[in-house]
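The file protein12.cif contains mmCIF, C-alpha atoms:
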data_start
loop_
_atom_site.label_atom_id
_atom_site.label_comp_id
_atom_site.auth_asym_id
_atom_site.auth_seq_id
_atom_site.Cartn_x
_atom_site.Cartn_y
_atom_site.Cartn_z
CA MET T 1 0.27 -43.58 -17.73
CA ILE T 2 -0.18 -44.35 -14.02
CA GLU T 3 -3.35 -46.18 -12.98
CA LEU T 4 -4.66 -45.96 -9.42
CA ASN T 5 -7.00 -48.40 -7.73
CA SER T 6 -9.58 -47.24 -5.21
CA LYS T 7 -7.07 -47.45 -2.33
CA GLY T 8 -4.53 -45.43 -4.30
CA ILE T 9 -7.07 -42.74 -5.11
CA PHE T 10 -8.07 -42.64 -1.45
CA ARG T 11 -4.45 -42.16 -0.37
CA VAL T 12 -3.95 -39.35 -2.90
CA LEU T 13 -7.10 -37.61 -1.71
CA LEU T 14 -6.06 -38.08 1.90
CA VAL T 15 -2.64 -36.53 1.30
CA PHE T 16 -4.26 -33.64 -0.59
CA CYS T 17 -6.75 -33.01 2.22
CA PHE T 18 -4.04 -33.03 4.88
CA SER T 19 -1.93 -30.64 2.79
CA LEU T 20 -4.88 -28.33 2.36
CA LEU T 21 -5.68 -28.55 6.06
CA SER T 22 -2.11 -27.73 7.07
CA LEU T 23 -2.11 -24.72 4.74
CA PHE T 24 -5.40 -23.54 6.21
CA MET T 25 -4.16 -23.98 9.76
CA TYR T 26 -1.01 -21.98 8.96
CA ASP T 27 -2.97 -19.15 7.38
CA ALA T 28 -6.15 -19.12 9.47
CA HIS T 29 -4.98 -16.71 12.15
CA ALA T 30 -2.67 -13.77 12.64
CA ALA T 31 0.56 -15.06 14.16
CA SER T 32 1.44 -13.37 17.44
CA LEU T 33 4.82 -11.72 18.02
CA GLU T 34 5.81 -14.70 20.18
CA GLU T 35 4.88 -17.16 17.41
CA ILE T 36 6.74 -15.12 14.79
CA LYS T 37 9.88 -15.03 16.94
CA ALA T 38 9.60 -18.77 17.58
CA ARG T 39 9.51 -19.62 13.88
CA GLY T 40 12.10 -16.94 13.09
CA VAL T 41 10.24 -15.63 10.04
CA ILE T 42 7.79 -12.78 9.54
CA ARG T 43 5.70 -12.60 6.36
CA ILE T 44 5.44 -9.03 5.04
CA ALA T 45 3.36 -8.02 2.00
CA VAL T 46 4.06 -5.25 -0.52
CA ALA T 47 1.92 -4.05 -3.43
CA ASN T 48 4.66 -3.51 -6.05
CA GLU T 49 4.10 0.23 -5.95
CA ILE T 50 7.24 2.32 -6.39
CA PRO T 51 8.49 4.05 -4.21
CA TYR T 52 6.32 2.81 -1.32
CA GLY T 53 6.96 -0.93 -1.47
CA TYR T 54 7.90 -3.24 -4.33
CA ILE T 55 9.92 -6.28 -5.41
CA ASP T 56 12.77 -5.40 -7.80
CA ILE T 57 13.98 -7.47 -10.75
CA ASP T 58 16.39 -9.33 -8.48
CA GLY T 59 13.55 -10.38 -6.19
CA GLN T 60 14.59 -7.97 -3.43
CA ALA T 61 12.05 -5.92 -1.48
CA LYS T 62 12.63 -2.18 -1.81
CA GLY T 63 10.80 1.04 -1.02
CA ALA T 64 10.13 3.34 1.92
CA GLY T 65 8.01 0.71 3.67
CA PRO T 66 10.23 -2.36 3.23
CA ASP T 67 13.51 -0.54 3.96
CA VAL T 68 12.17 0.81 7.24
CA ALA T 69 10.47 -2.50 8.06
CA LYS T 70 13.79 -4.34 7.70
CA VAL T 71 15.30 -2.19 10.43
CA LEU T 72 12.31 -2.51 12.76
CA VAL T 73 12.08 -6.28 12.37
CA GLU T 74 15.80 -6.67 13.03
CA GLN T 75 15.44 -4.59 16.20
CA LEU T 76 12.71 -6.99 17.35
CA GLY T 77 15.10 -9.92 16.96
CA ILE T 78 13.26 -11.58 14.08
CA GLU T 79 15.79 -13.38 11.92
CA GLN T 80 14.14 -13.53 8.49
CA ILE T 81 11.54 -11.78 6.34
CA GLU T 82 9.43 -13.62 3.78
CA TRP T 83 8.31 -10.97 1.28
CA VAL T 84 4.94 -11.40 -0.44
CA GLY T 85 4.07 -9.35 -3.53
CA THR T 86 0.36 -8.89 -4.17
CA ALA T 87 -2.17 -6.48 -5.68
CA PHE T 88 -2.95 -3.42 -3.57
CA SER T 89 -6.61 -4.44 -3.35
CA SER T 90 -5.54 -7.81 -1.89
CA LEU T 91 -3.48 -6.41 0.99
CA ILE T 92 -6.24 -6.08 3.57
CA PRO T 93 -8.10 -9.29 2.55
CA GLY T 94 -4.80 -11.20 2.61
CA LEU T 95 -3.92 -9.82 6.03
CA LYS T 96 -7.35 -10.74 7.40
CA ALA T 97 -7.00 -14.25 5.94
CA GLY T 98 -3.62 -14.70 7.63
CA ARG T 99 -1.61 -15.02 4.42
CA PHE T 100 0.93 -12.59 5.87
CA ASP T 101 1.65 -10.97 9.24
CA MET T 102 2.25 -7.37 8.22
CA VAL T 103 1.91 -4.99 5.29
CA ALA T 104 4.71 -2.56 4.34
CA ALA T 105 3.07 -0.62 1.49
CA GLU T 106 2.77 2.82 3.13
CA MET T 107 -1.00 2.32 3.01
CA ALA T 108 -2.91 5.49 3.89
CA ILE T 109 -4.40 5.38 7.39
CA LEU T 110 -8.13 5.94 6.87
CA PRO T 111 -11.05 5.49 9.32
CA GLN T 112 -12.82 2.92 7.14
CA ARG T 113 -9.67 0.82 6.90
CA CYS T 114 -9.18 1.07 10.65
CA GLN T 115 -12.48 -0.77 11.02
CA GLU T 116 -10.89 -3.80 9.35
CA VAL T 117 -7.21 -3.77 10.37
CA LEU T 118 -4.69 -2.22 12.76
CA PHE T 119 -2.26 0.53 11.72
CA SER T 120 1.07 1.57 13.15
CA ASN T 121 1.71 5.25 13.64
CA PRO T 122 2.69 6.99 10.38
CA ASN T 123 5.99 6.18 8.74
CA SER T 124 5.39 8.69 5.94
CA SER T 125 3.20 11.48 4.64
CA TYR T 126 2.49 12.36 1.01
CA GLY T 127 0.23 14.42 -1.23
CA GLU T 128 -1.74 13.74 -4.43
CA GLY T 129 -0.99 14.03 -8.14
CA LEU T 130 -2.22 13.48 -11.71
CA LEU T 131 -0.65 11.64 -14.65
CA VAL T 132 -1.81 12.88 -18.06
CA LYS T 133 -0.92 12.50 -21.73
CA LYS T 134 2.07 14.56 -22.86
CA GLY T 135 1.10 18.21 -23.19
CA ASN T 136 -1.89 17.80 -20.87
CA PRO T 137 -4.40 18.18 -23.77
CA LYS T 138 -7.44 18.38 -21.47
CA LYS T 139 -5.75 21.03 -19.29
CA LEU T 140 -6.40 19.19 -16.04
CA TYR T 141 -4.75 20.67 -12.98
CA SER T 142 -6.74 19.21 -10.10
CA TYR T 143 -9.17 16.46 -9.14
CA GLU T 144 -11.85 19.15 -9.15
CA ASP T 145 -11.09 19.91 -12.82
CA ILE T 146 -11.89 16.29 -13.69
CA VAL T 147 -15.22 16.47 -11.89
CA ALA T 148 -16.13 19.77 -13.54
CA ARG T 149 -15.34 18.69 -17.14
CA ARG T 150 -18.19 16.70 -18.64
CA GLY T 151 -17.06 13.40 -20.14
CA VAL T 152 -13.56 13.44 -18.66
CA LYS T 153 -12.58 10.06 -17.18
CA VAL T 154 -10.02 9.27 -14.51
CA ALA T 155 -8.22 5.98 -13.84
CA ILE T 156 -7.78 4.77 -10.27
CA MET T 157 -6.03 1.68 -8.96
CA ALA T 158 -8.37 -0.89 -7.40
CA GLY T 159 -8.50 -0.44 -3.63
CA ALA T 160 -6.81 2.98 -3.65
CA ASP T 161 -8.19 5.78 -1.49
CA GLN T 162 -8.48 8.13 -4.49
CA LEU T 163 -11.80 6.40 -5.19
CA GLU T 164 -13.30 7.79 -2.00
CA MET T 165 -11.86 11.23 -2.77
CA PHE T 166 -13.63 11.37 -6.13
CA GLN T 167 -16.84 10.00 -4.65
CA LYS T 168 -16.82 12.83 -2.12
CA LEU T 169 -16.14 15.31 -4.91
CA GLY T 170 -19.21 13.98 -6.74
CA LEU T 171 -17.67 12.24 -9.77
CA PRO T 172 -20.14 9.72 -11.32
CA GLU T 173 -19.00 6.09 -11.28
CA ASN T 174 -19.26 5.81 -15.07
CA ARG T 175 -16.37 8.27 -15.36
CA ILE T 176 -14.03 6.17 -13.21
CA VAL T 177 -11.81 3.55 -14.87
CA THR T 178 -10.50 0.96 -12.41
CA ILE T 179 -7.11 -0.59 -13.15
CA ALA T 180 -5.41 -3.48 -11.39
CA SER T 181 -2.05 -1.83 -10.72
CA ASN T 182 0.13 1.19 -11.38
CA ALA T 183 1.78 -0.76 -14.18
CA ASP T 184 -1.43 -0.31 -16.22
CA ALA T 185 -1.60 3.47 -15.72
CA ILE T 186 0.56 4.64 -18.62
CA SER T 187 -1.18 2.53 -21.28
CA THR T 188 -4.59 3.50 -19.87
CA VAL T 189 -3.81 7.20 -20.31
CA VAL T 190 -1.94 6.90 -23.62
CA THR T 191 -4.70 4.85 -25.30
CA GLY T 192 -7.38 7.26 -24.07
CA ARG T 193 -9.27 4.80 -21.86
CA ALA T 194 -8.91 7.53 -19.25
CA ASP T 195 -7.84 11.17 -19.53
CA ALA T 196 -5.76 11.05 -16.37
CA TYR T 197 -4.52 8.73 -13.66
CA ALA T 198 -5.01 9.84 -10.06
CA ALA T 199 -2.48 8.67 -7.49
CA THR T 200 -0.08 10.02 -4.92
CA SER T 201 2.46 12.59 -6.07
CA LEU T 202 5.39 10.18 -5.71
CA THR T 203 3.66 7.44 -7.70
CA VAL T 204 2.78 9.87 -10.48
CA ALA T 205 6.33 11.27 -10.64
CA ASN T 206 7.76 7.76 -10.90
CA LEU T 207 5.38 6.79 -13.71
CA ALA T 208 6.11 9.98 -15.63
CA ASP T 209 9.80 9.05 -15.68
CA LYS T 210 9.01 5.76 -17.42
CA SER T 211 7.47 7.15 -20.62
CA LYS T 212 7.81 10.26 -22.78
CA ALA T 213 4.17 9.84 -23.81
CA VAL T 214 2.90 10.98 -20.41
CA GLU T 215 3.71 13.66 -17.89
CA ARG T 216 3.05 14.67 -14.30
CA VAL T 217 0.84 17.72 -13.84
CA LYS T 218 3.40 20.10 -12.37
CA ALA T 219 0.96 22.88 -11.50
CA PHE T 220 -1.27 20.38 -9.67
CA LYS T 221 -3.57 21.81 -7.00
CA ASP T 222 -4.19 19.65 -3.95
CA PRO T 223 -7.81 18.51 -3.67
CA VAL T 224 -9.89 20.10 -0.92
CA ILE T 225 -12.38 17.71 0.64
CA ASP T 226 -14.64 18.57 3.56
CA GLY T 227 -12.91 21.94 3.67
CA LYS T 228 -9.40 20.52 4.13
CA PRO T 229 -6.49 20.02 1.69
CA VAL T 230 -5.89 16.30 1.21
CA ARG T 231 -2.72 14.72 2.55
CA SER T 232 -2.17 11.05 3.36
CA TRP T 233 -0.26 9.37 6.17
CA GLY T 234 1.13 5.90 5.46
CA GLY T 235 1.77 3.24 8.05
CA PHE T 236 2.38 -0.46 8.55
CA VAL T 237 -0.69 -2.67 8.75
CA PHE T 238 -1.61 -5.67 10.92
CA ALA T 239 -4.58 -7.97 11.46
CA LYS T 240 -7.11 -7.19 14.16
CA GLY T 241 -6.14 -8.87 17.39
CA ASN T 242 -2.42 -8.47 16.68
CA GLU T 243 -1.95 -5.44 18.94
CA GLU T 244 1.21 -6.91 20.46
CA LEU T 245 3.02 -6.93 17.12
CA ARG T 246 1.62 -3.51 16.20
CA ASP T 247 2.74 -2.02 19.52
CA ALA T 248 6.21 -3.52 19.22
CA ILE T 249 6.63 -2.07 15.72
CA ASN T 250 5.31 1.30 16.96
CA GLU T 251 7.91 1.38 19.71
CA GLN T 252 10.76 0.67 17.30
CA LEU T 253 9.38 3.08 14.69
CA ALA T 254 9.22 5.96 17.19
CA GLN T 255 12.90 5.46 17.97
CA PHE T 256 14.00 4.99 14.36
CA LYS T 257 12.21 8.16 13.18
CA GLN T 258 14.57 10.15 15.42
CA THR T 259 17.59 8.96 13.42
CA GLU T 260 19.31 10.28 10.31
CA ALA T 261 19.08 6.77 8.83
CA TRP T 262 15.27 7.01 8.69
CA ARG T 263 15.45 10.41 6.99
CA GLU T 264 17.94 9.10 4.43
CA ILE T 265 15.66 6.19 3.52
CA LEU T 266 12.63 8.38 2.81
CA LEU T 267 14.59 11.16 1.12
CA GLY T 268 16.25 8.53 -1.03
CA TYR T 269 12.87 7.43 -2.37
CA GLY T 270 11.77 10.94 -3.34
CA PHE T 271 9.99 12.17 -0.23
CA GLY T 272 10.66 15.81 0.56
CA GLU T 273 11.68 17.43 3.84
CA ASN T 274 8.12 18.75 4.07
CA ASP T 275 6.76 15.21 3.77
CA LEU T 276 9.05 14.01 6.55
CA ASP T 277 7.98 16.84 8.83
CA HIS T 278 4.29 16.15 8.18
CA SER T 279 4.74 12.47 9.11
CA PHE T 280 4.88 13.59 12.76
CA ASP T 281 1.57 15.50 12.56
CA HIS T 282 -0.76 12.70 13.69
CA THR T 283 -0.88 9.35 15.44
CA ALA T 284 -2.74 6.39 13.95
CA GLU T 285 -5.34 6.78 16.70
CA GLU T 286 -6.05 10.35 15.60
CA LEU T 287 -6.25 9.42 11.92
CA CYS T 288 -8.51 6.45 12.61
CA ALA T 289 -10.88 8.68 14.57
CA ALA T 290 -10.97 11.44 11.95
CA PRO T 291 -14.48 12.26 10.65
#
Written as structure tokens, that's how I'd like the structure from this file.
Amino acid sequence: MIELNSKGIFRVLLVFCFSLLSLFMYDAHAASLEEIKARGVIRIAVANEIPYGYIDIDGQAKGAGPDVAKVLVEQLGIEQIEWVGTAFSSLIPGLKAGRFDMVAAEMAILPQRCQEVLFSNPNSSYGEGLLVKKGNPKKLYSYEDIVARRGVKVAIMAGADQLEMFQKLGLPENRIVTIASNADAISTVVTGRADAYAATSLTVANLADKSKAVERVKAFKDPVIDGKPVRSWGGFVFAKGNEELRDAINEQLAQFKQTEAWREILLGYGFGENDLDHSFDHTAEELCAAP
């Protein structure tokens, strides 16, 4: 057992404080493009959500967001990427706290999120879906069906934009089951904690392939909110004040989306030709200003 006198304790505390201070100083602000290039490393976060952005069993970043981000970052002359896996609900808080410089999770560009962070123009577009128990015992074919059926509960991942969709459709909060990640969706549905899991169509299709106890609602009807069918546009995300990095990524993204390589990446992760075409429908500025 090591004993420390008062001077020893003071030194230990001093070292700890300086370490904490250095960590705070590193994370306290969004690094500019110039600073990122100088250090040669950009920190990019993913939410472990297949096929949008995730870390595989070998520790490699994969998904539509990361694979495109790798190309864009290389084009900017940044030598290395430090990938950070975190919960979806921690992406924006982590970005605002400076724990990473960019998010590559194909996060939907929504006006309320635009109040907190900066978005690139869309890299992708995708629709909605439902995961249910095998055989779809409650006969749920839309988000509206869930709202209309008394007692039916739906699971939603913390921080996901499906929460706002159901709020607009009028679903009471006591019929919403919040889960930490997509990994909890199958057990939540199978055990009956929720009758369905609401997520994007690609997420639902991927989950359905993992277990014979659940299935994707194939005759799913897109939700209609405020008179419009719901479709999401996913982009890269940056901290407020980091317009230089956002603009540089936007410039590279616009060029890369004209290539066959970009199409192959998204098609390879399950996006359809229709999804690719829709990704050109709007700019981030238009989506941020949407009512």
Written as a short mmCIF file (atom, residue, chain, number, x, y, z; two decimals) with C-alpha atoms, keeping the file's coordinate frame, what is the full residue list that the PyMOL selection byres ((chain T and resi 271) around 10) yields on the file shown?
data_model
loop_
_atom_site.label_atom_id
_atom_site.label_comp_id
_atom_site.auth_asym_id
_atom_site.auth_seq_id
_atom_site.Cartn_x
_atom_site.Cartn_y
_atom_site.Cartn_z
CA PRO T 51 8.49 4.05 -4.21
CA ALA T 64 10.13 3.34 1.92
CA SER T 124 5.39 8.69 5.94
CA SER T 125 3.20 11.48 4.64
CA TYR T 126 2.49 12.36 1.01
CA SER T 201 2.46 12.59 -6.07
CA LEU T 202 5.39 10.18 -5.71
CA ARG T 263 15.45 10.41 6.99
CA GLU T 264 17.94 9.10 4.43
CA ILE T 265 15.66 6.19 3.52
CA LEU T 266 12.63 8.38 2.81
CA LEU T 267 14.59 11.16 1.12
CA GLY T 268 16.25 8.53 -1.03
CA TYR T 269 12.87 7.43 -2.37
CA GLY T 270 11.77 10.94 -3.34
CA GLY T 272 10.66 15.81 0.56
CA GLU T 273 11.68 17.43 3.84
CA ASN T 274 8.12 18.75 4.07
CA ASP T 275 6.76 15.21 3.77
CA LEU T 276 9.05 14.01 6.55
#
Q. So which one's closest to T:Asp184, T:Leu163, T:Val41, T:Leu171, T:Ala158? Using all atoms listed in the file, please.
A. T:Ala158
Just want the 7 Å neighbourhood of stretch 116-119 of chain T, counted on only C-alpha atoms, with same-chain residues fewer than 4 positions away dropped. Output as a PDB file with C-alpha atoms, in the frame of the given file.
ATOM      1  CA  ILE T 109      -4.400   5.380   7.390  1.00  0.00           C
ATOM      2  CA  GLY T 235       1.770   3.240   8.050  1.00  0.00           C
ATOM      3  CA  PHE T 236       2.380  -0.460   8.550  1.00  0.00           C
ATOM      4  CA  VAL T 237      -0.690  -2.670   8.750  1.00  0.00           C
ATOM      5  CA  PHE T 238      -1.610  -5.670  10.920  1.00  0.00           C
ATOM      6  CA  ALA T 239      -4.580  -7.970  11.460  1.00  0.00           C
ATOM      7  CA  LYS T 240      -7.110  -7.190  14.160  1.00  0.00           C
ATOM      8  CA  ALA T 284      -2.740   6.390  13.950  1.00  0.00           C
TER       9      ALA T 284
END
**Q.** Shortest interatomic distance to T:Glu35 - which of T:Ala185, T:Ala105, T:Cys288, T:Leu245, counting all atoms listed in the file
**A.**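 So, comparing all the options, the nearest one is T:Leu245.
Proximity of T:Leu253, T:Ala205, T:Ser142, T:Asn182 to T:Val224, computed with all atoms listed in the file, is greatest for T:Ser142.
The residue that comes closest to T:Ala254, out of T:Val177, T:Glu79, T:Leu72, T:Ala104 and on the basis of all atoms listed in the file, is T:Leu72.
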Q | Exercise: T:Ala289 partners within 10 Å, only C-alpha atoms, chain neighbours under 4 positions left out, as a VMD selection string | A | chain T and resid 110 to 112 114 284 to 285
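Comparing the minimum interatomic distances between T:Gln80 and each of T:Arg113, T:Arg246, T:Lys62, T:Arg39, counting all atoms listed in the file, we find that T:Arg39 sits nearest.
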Q) For T:Val190, which residue out of T:Gly94, T:Pro137, T:Pro172, T:Gly241 is the nearest one, using all atoms listed in the file? A)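 Distance minimum relative to T:Val190 lands on T:Pro137.
When the PyMOL selection byres ((chain T and resi 170) around 12) is evaluated on the file shown here, the picked residues come out as Tyr143, Glu144, Asp145, Ile146, Val147, Ala148, Leu163, Glu164, Met165, Phe166, Gln167, Lys168, Leu169, Leu171, Pro172, Glu173, Asn174, Arg175, Ile176 and Ile225 of chain T.
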Q: Just the residues within 12 Å of T:Arg193, please, counting only C-alpha atoms, with nothing from its chain fewer than 3 positions along; format it as a PyMOL selection string.
A: chain T and resi 132-133+151-156+175-179+184-190+196-197
Q) Quick one: distance from atom CA of T:Met102 to atom CA of T:Ile42 in Å, one decimal? A)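 Pair atom CA of T:Met102 / atom CA of T:Ile42 returns 7.9 Å.
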Q) Contacts of T:Trp83 at 6 Å or less, counting all atoms listed in the file, minus same-chain residues fewer than 3 places along, as a ChimeraX atom specification? A) /T:43-45
Would you translate the PyMOL selection byres ((chain T and resi 128) around 12) into the concrete set of residues it matches in this file, as a JSON list (two decimals) with C-alpha atoms, keeping the file's coordinate frame?
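Output file expr-v8.json is given in full below:
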[["chain", "number", "residue", "atom", "x", "y", "z"],
["T", 108, "ALA", "CA", -2.91, 5.49, 3.89],
["T", 125, "SER", "CA", 3.20, 11.48, 4.64],
["T", 126, "TYR", "CA", 2.49, 12.36, 1.01],
["T", 127, "GLY", "CA", 0.23, 14.42, -1.23],
["T", 129, "GLY", "CA", -0.99, 14.03, -8.14],
["T", 130, "LEU", "CA", -2.22, 13.48, -11.71],
["T", 131, "LEU", "CA", -0.65, 11.64, -14.65],
["T", 141, "TYR", "CA", -4.75, 20.67, -12.98],
["T", 142, "SER", "CA", -6.74, 19.21, -10.10],
["T", 143, "TYR", "CA", -9.17, 16.46, -9.14],
["T", 160, "ALA", "CA", -6.81, 2.98, -3.65],
["T", 161, "ASP", "CA", -8.19, 5.78, -1.49],
["T", 162, "GLN", "CA", -8.48, 8.13, -4.49],
["T", 165, "MET", "CA", -11.86, 11.23, -2.77],
["T", 197, "TYR", "CA", -4.52, 8.73, -13.66],
["T", 198, "ALA", "CA", -5.01, 9.84, -10.06],
["T", 199, "ALA", "CA", -2.48, 8.67, -7.49],
["T", 200, "THR", "CA", -0.08, 10.02, -4.92],
["T", 201, "SER", "CA", 2.46, 12.59, -6.07],
["T", 202, "LEU", "CA", 5.39, 10.18, -5.71],
["T", 203, "THR", "CA", 3.66, 7.44, -7.70],
["T", 204, "VAL", "CA", 2.78, 9.87, -10.48],
["T", 205, "ALA", "CA", 6.33, 11.27, -10.64],
["T", 216, "ARG", "CA", 3.05, 14.67, -14.30],
["T", 217, "VAL", "CA", 0.84, 17.72, -13.84],
["T", 218, "LYS", "CA", 3.40, 20.10, -12.37],
["T", 219, "ALA", "CA", 0.96, 22.88, -11.50],
["T", 220, "PHE", "CA", -1.27, 20.38, -9.67],
["T", 221, "LYS", "CA", -3.57, 21.81, -7.00],
["T", 222, "ASP", "CA", -4.19, 19.65, -3.95],
["T", 223, "PRO", "CA", -7.81, 18.51, -3.67],
["T", 224, "VAL", "CA", -9.89, 20.10, -0.92],
["T", 229, "PRO", "CA", -6.49, 20.02, 1.69],
["T", 230, "VAL", "CA", -5.89, 16.30, 1.21],
["T", 231, "ARG", "CA", -2.72, 14.72, 2.55],
["T", 232, "SER", "CA", -2.17, 11.05, 3.36],
["T", 233, "TRP", "CA", -0.26, 9.37, 6.17],
["T", 275, "ASP", "CA", 6.76, 15.21, 3.77]]
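For T:Ile55, the set of protein, DNA and RNA residues having any atom at most 8 Å away, when counting all atoms listed in the file and skipping those fewer than 5 positions along the same chain, is Val46, Asn48, Gln60, Ala61, Lys62 and Gly85 of chain T.
Atom CA of T:Pro66 is positioned 14.6 Å from atom CA of T:Ile78.
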